[in-house]
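So this block is protein-v5.txt, compact mmCIF, C-alpha atoms:
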```txt
# COMPACT_ATOMS: atom_id res chain seq x y z
CA MET A 1 25.05 -15.28 25.35
CA VAL A 2 24.86 -14.37 21.66
CA GLY A 3 21.16 -15.24 21.59
CA MET A 4 20.49 -13.15 24.68
CA GLY A 5 22.29 -10.16 23.15
CA SER A 6 20.24 -10.54 19.99
CA SER A 7 17.01 -10.63 22.00
CA LYS A 8 17.97 -7.46 23.85
CA THR A 9 18.71 -5.74 20.55
CA THR A 10 15.34 -6.82 19.15
CA ILE A 11 13.50 -5.57 22.22
CA ALA A 12 15.35 -2.26 22.03
CA LEU A 13 14.43 -1.87 18.36
CA LEU A 14 10.78 -2.66 19.05
CA PHE A 15 10.76 -0.10 21.85
CA LEU A 16 12.16 2.56 19.52
CA ILE A 17 9.57 1.70 16.85
CA VAL A 18 6.72 1.95 19.35
CA CYS A 19 8.04 5.26 20.62
CA TYR A 20 8.30 6.59 17.06
CA VAL A 21 5.00 5.29 15.72
CA GLY A 22 2.96 5.72 18.90
CA PRO A 23 2.31 9.48 18.83
CA SER A 24 1.38 9.61 15.15
CA ALA A 25 -0.88 6.57 15.45
CA ALA A 26 -2.64 7.81 18.60
CA THR A 27 -6.39 8.20 18.42
CA VAL A 28 -7.56 11.80 18.11
CA LEU A 29 -11.07 12.46 19.39
CA PHE A 30 -12.98 15.44 18.08
CA SER A 31 -14.65 15.88 21.47
CA GLN A 32 -11.24 16.54 23.00
CA LEU A 33 -10.05 19.13 20.49
CA PRO A 34 -10.01 22.72 21.75
CA LYS A 35 -11.96 25.21 19.66
CA THR A 36 -9.25 27.82 19.28
CA LEU A 37 -10.18 29.20 15.86
CA THR A 38 -12.96 31.60 14.94
CA VAL A 39 -14.15 30.64 11.46
CA THR A 40 -16.59 32.56 9.26
CA ALA A 41 -17.76 32.23 5.67
CA SER A 42 -19.41 34.66 3.28
CA THR A 43 -22.27 32.20 2.77
CA LYS A 44 -25.69 33.02 4.20
CA GLU A 45 -28.05 30.80 6.15
CA GLY A 46 -30.04 28.73 3.66
CA GLU A 47 -28.16 30.08 0.64
CA VAL A 48 -28.08 27.84 -2.44
CA LEU A 49 -24.77 27.59 -4.29
CA HIS A 50 -23.96 25.70 -7.49
CA ALA A 51 -20.96 23.43 -8.02
CA SER A 52 -18.33 24.68 -10.52
CA LYS A 53 -20.03 28.10 -10.67
CA ASP A 54 -20.39 29.78 -7.29
CA LYS A 55 -17.73 30.73 -4.77
CA PHE A 56 -17.46 31.91 -1.19
CA THR A 57 -14.80 33.35 1.08
CA VAL A 58 -13.76 31.67 4.31
CA THR A 59 -11.87 33.51 7.06
CA TRP A 60 -10.22 32.13 10.17
CA ALA A 61 -8.42 33.67 13.14
CA LEU A 62 -6.95 32.55 16.43
CA ASN A 63 -9.23 33.43 19.32
CA ASN A 64 -6.55 35.24 21.32
CA GLU A 65 -8.93 36.68 23.91
CA SER A 66 -9.75 33.39 25.62
CA LEU A 67 -6.52 31.44 25.13
CA PRO A 68 -3.46 31.20 27.37
CA ALA A 69 -0.12 32.40 26.02
CA GLY A 70 1.78 29.82 23.98
CA THR A 71 -1.35 27.94 22.82
CA ALA A 72 -0.40 28.22 19.17
CA ASP A 73 3.28 27.33 19.56
CA SER A 74 2.74 23.84 18.09
CA TYR A 75 0.45 24.98 15.26
CA LYS A 76 1.97 24.35 11.82
CA THR A 77 -0.88 24.00 9.32
CA VAL A 78 -4.47 25.12 8.80
CA LYS A 79 -6.69 22.73 6.85
CA VAL A 80 -10.11 24.03 5.83
CA GLN A 81 -12.79 21.58 4.75
CA LEU A 82 -16.37 21.45 3.52
CA CYS A 83 -18.47 19.36 5.90
CA TYR A 84 -21.87 17.69 5.73
CA ALA A 85 -24.64 19.12 7.89
CA PRO A 86 -26.70 16.57 9.89
CA ILE A 87 -29.66 16.81 7.50
CA SER A 88 -27.46 15.42 4.72
CA GLN A 89 -25.97 12.69 6.92
CA LYS A 90 -29.22 11.01 7.93
CA ASP A 91 -29.39 7.37 6.75
CA ARG A 92 -26.05 7.79 4.94
CA GLY A 93 -23.43 5.75 6.73
CA TRP A 94 -20.68 6.90 4.38
CA ARG A 95 -21.15 10.43 5.77
CA LYS A 96 -21.49 9.45 9.42
CA THR A 97 -19.96 11.55 12.18
CA GLN A 98 -17.54 9.69 14.46
CA ASP A 99 -15.71 11.08 17.48
CA ASP A 100 -12.57 9.25 16.34
CA LEU A 101 -11.31 11.55 13.58
CA LYS A 102 -9.74 8.65 11.68
CA LYS A 103 -13.24 7.21 11.23
CA ASP A 104 -15.15 10.48 10.95
CA LYS A 105 -16.83 11.10 7.57
CA THR A 106 -18.28 14.54 8.27
CA CYS A 107 -15.69 16.58 6.39
CA GLN A 108 -14.71 14.98 3.09
CA PHE A 109 -13.83 17.88 0.82
CA ASP A 110 -10.73 20.07 1.12
CA VAL A 111 -11.12 23.81 0.64
CA VAL A 112 -7.50 24.82 1.27
CA GLU A 113 -4.44 23.78 3.30
CA LEU A 114 -1.92 26.47 4.24
CA PRO A 115 0.96 27.05 6.66
CA TYR A 116 -0.45 28.29 9.95
CA THR A 117 -0.79 32.00 10.61
CA SER A 118 -2.85 33.61 13.36
CA SER A 119 -5.40 34.70 10.74
CA GLY A 120 -6.14 34.01 7.10
CA THR A 121 -8.68 34.15 4.31
CA HIS A 122 -9.33 32.16 1.16
CA GLU A 123 -11.76 32.42 -1.74
CA TYR A 124 -13.05 29.02 -2.76
CA THR A 125 -14.86 28.08 -5.95
CA ILE A 126 -17.08 25.06 -5.30
CA GLU A 127 -15.57 22.19 -7.25
CA GLU A 128 -17.61 20.30 -9.81
CA ASP A 129 -17.41 16.99 -7.93
CA ILE A 130 -19.11 18.34 -4.78
CA PRO A 131 -22.42 16.46 -4.42
CA SER A 132 -25.77 18.06 -3.69
CA ALA A 133 -26.14 18.43 0.08
CA TYR A 134 -26.22 20.85 3.00
CA TYR A 135 -22.85 21.99 4.34
CA PHE A 136 -20.87 24.08 6.80
CA VAL A 137 -17.15 24.92 6.93
CA ARG A 138 -14.62 23.63 9.45
CA ALA A 139 -10.93 24.46 9.88
CA TYR A 140 -8.49 22.11 11.61
CA VAL A 141 -5.12 23.05 13.04
CA LEU A 142 -2.34 20.48 12.55
CA ASP A 143 0.99 20.19 14.35
CA ALA A 144 4.36 19.21 12.86
CA SER A 145 3.36 15.53 12.76
CA GLU A 146 0.13 16.44 10.89
CA LYS A 147 -1.94 15.55 13.93
CA LYS A 148 -5.14 17.55 14.40
CA VAL A 149 -4.77 19.55 17.59
CA ALA A 150 -7.50 22.22 17.39
CA TYR A 151 -10.38 23.43 15.24
CA GLY A 152 -12.99 26.06 14.49
CA GLN A 153 -16.18 25.99 12.42
CA THR A 154 -18.83 28.26 10.96
CA THR A 155 -21.70 26.52 12.72
CA ASN A 156 -22.62 25.87 16.34
CA LYS A 157 -21.92 22.73 18.37
CA GLU A 158 -25.12 21.07 17.17
CA LYS A 159 -24.28 21.98 13.54
CA SER A 160 -27.65 23.61 13.06
CA THR A 161 -26.79 27.24 12.23
CA ASP A 162 -25.22 28.93 9.20
CA ILE A 163 -25.91 25.94 6.98
CA PHE A 164 -25.90 26.42 3.21
CA GLN A 165 -26.85 24.20 0.29
CA VAL A 166 -24.79 23.09 -2.69
CA VAL A 167 -26.48 21.91 -5.86
CA GLY A 168 -24.15 19.46 -7.58
CA ILE A 169 -23.73 18.75 -11.25
CA THR A 170 -26.08 15.96 -12.31
CA GLY A 171 -24.39 15.37 -15.67
CA ARG A 172 -27.59 16.26 -17.54
CA THR A 173 -27.14 19.51 -19.44
CA MET A 174 -30.00 21.23 -21.26
CA GLY A 175 -28.62 19.96 -24.57
CA ILE A 176 -28.68 16.38 -23.32
CA ILE A 177 -32.22 16.78 -21.99
CA ILE A 178 -33.44 18.21 -25.33
CA SER A 179 -31.67 15.49 -27.30
CA ALA A 180 -33.19 12.80 -25.09
CA GLY A 181 -36.63 14.29 -25.66
CA VAL A 182 -36.16 14.37 -29.44
CA PHE A 183 -34.96 10.77 -29.54
CA SER A 184 -37.85 9.67 -27.33
CA ALA A 185 -40.36 11.38 -29.60
CA PHE A 186 -38.69 9.85 -32.66
CA SER A 187 -38.83 6.39 -31.07
CA VAL A 188 -42.54 6.73 -30.36
CA ALA A 189 -43.19 7.94 -33.92
CA ALA A 190 -41.17 5.05 -35.35
CA LEU A 191 -43.15 2.53 -33.29
CA ILE A 192 -46.46 4.01 -34.46
CA TYR A 193 -45.26 3.91 -38.08
CA LEU A 194 -44.17 0.27 -37.82
CA PHE A 195 -47.48 -0.62 -36.16
CA LEU A 196 -49.43 0.99 -39.02
CA VAL A 197 -47.29 -0.77 -41.64
CA GLU A 198 -47.82 -4.13 -40.00
CA THR A 199 -51.56 -3.47 -39.73
CA ARG A 200 -51.82 -2.63 -43.45
CA LYS A 201 -49.91 -5.79 -44.37
CA LYS A 202 -52.32 -7.93 -42.35
CA ASN A 203 -55.33 -6.22 -43.91
CA ASN A 204 -54.00 -6.77 -47.43
```
Is it possible to express this structure as structure tokens?
Amino acid sequence: MVGMGSSKTTIALLFLIVCYVGPSAATVLFSQLPKTLTVTASTKEGEVLHASKDKFTVTWALNNESLPAGTADSYKTVKVQLCYAPISQKDRGWRKTQDDLKKDKTCQFDVVELPYTSSGTHEYTIEEDIPSAYYFVRAYVLDASEKKVAYGQTTNKEKSTDIFQVVGITGRTMGIIISAGVFSAFSVAALIYLFLVETRKKNN
């Protein structure tokens, strides 16, 4: 009887754990997210921006005109991200788009995360670790459990419009380039000098 009671307790605990973990661990598919936000950015089609120097403003708002009442009742957070455009994902598995948002690598750089309001705006300076690529901006809406429940983005469904370019920092400043050139020239001169010295020694 004691063993049976223990088994029932274990089963009950497992059931509670599954009920608690289940919702947060559920798969979220991008294809099933409603597009409830209108998102715009001050960037222009084809514009070239530079990491650590340039900035842009992103604005988002709930699309009230086409949504039923109460749609935003569960919205708690807005998370805006910088996302790779298809042209910069080609042959790069580490940037690959996946429908399962836990596996998706499209949006890897956070712009801002704020408590949800029906509209908002944020000025973002492109961080120095952003790599050279083509991008667009996407905003996700999260509920109280931090589950993504809706989105909006600056581009179309095919991610082919309103794409801009970021030029990342290569780590080679003008000073480094000049120094490298001077050292290279010095190395060549030193080799020529040593060659001439050795030639004279052989001739003598």
Separation of atom CA of A:Ala85 from atom CA of A:Tyr135 in Å: 4.9 Å
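Using only C-alpha atoms, the nearest neighbour of A:Thr155 within the list A:Lys105, A:Val78, A:Glu65, A:Cys83 is A:Cys83.
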Computed interatomic separation between atom CA of A:Asp162 and atom CA of A:Lys44 (Å): 6.5 Å
Residues within 9 Å of stretch 48-50 of chain A, only C-alpha atoms, excluding chain neighbours under 3 positions, as number ranges by chain: A: 43-44, 53-55, 126, 128, 132, 164-169
Of the listed residues A:Val80, A:Leu194, A:Leu114, A:Ala61, that which approaches A:Thr36 most closely, counting all atoms listed in the file: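 Closest to A:Thr36, using all atoms listed in the file: A:Ala61.
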Selection: 12 Å around A:Asp104, all atoms listed in the file, excl. self and same-chain fewer than 4 positions, as a ChimeraX atom specification: /A:27-31,83-84,89,93-100,108
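Shortest separation to A:Glu146 among A:Thr40, A:Ser160, A:Thr77, A:Ser118 occurs at residue A:Thr77, atoms counted being all atoms listed in the file.
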Straight-line distance linking atom CA of A:Thr38 with atom CA of A:Ala72, stated in Å to one decimal: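 Distance between the two atoms: 13.7 Å.
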Residue among A:Val197, A:Val111, A:Leu67, A:Leu101 lying closest to A:Val149, counting only C-alpha atoms: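 Checking each candidate against A:Val149, we get A:Leu101 as the closest.
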Nearest-residue call for A:Asp143, choices A:Lys79, A:Lys102, A:Lys157, A:Lys35, using only C-alpha atoms: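 Comparing A:Lys79, A:Lys102, A:Lys157, A:Lys35 against A:Asp143, the winner is A:Lys79.
Of the listed residues A:Leu37, A:Gly120, A:Cys107, A:Tyr134, the one whose atoms come nearest to A:Ile87 is A:Tyr134, with distances taken using only C-alpha atoms.
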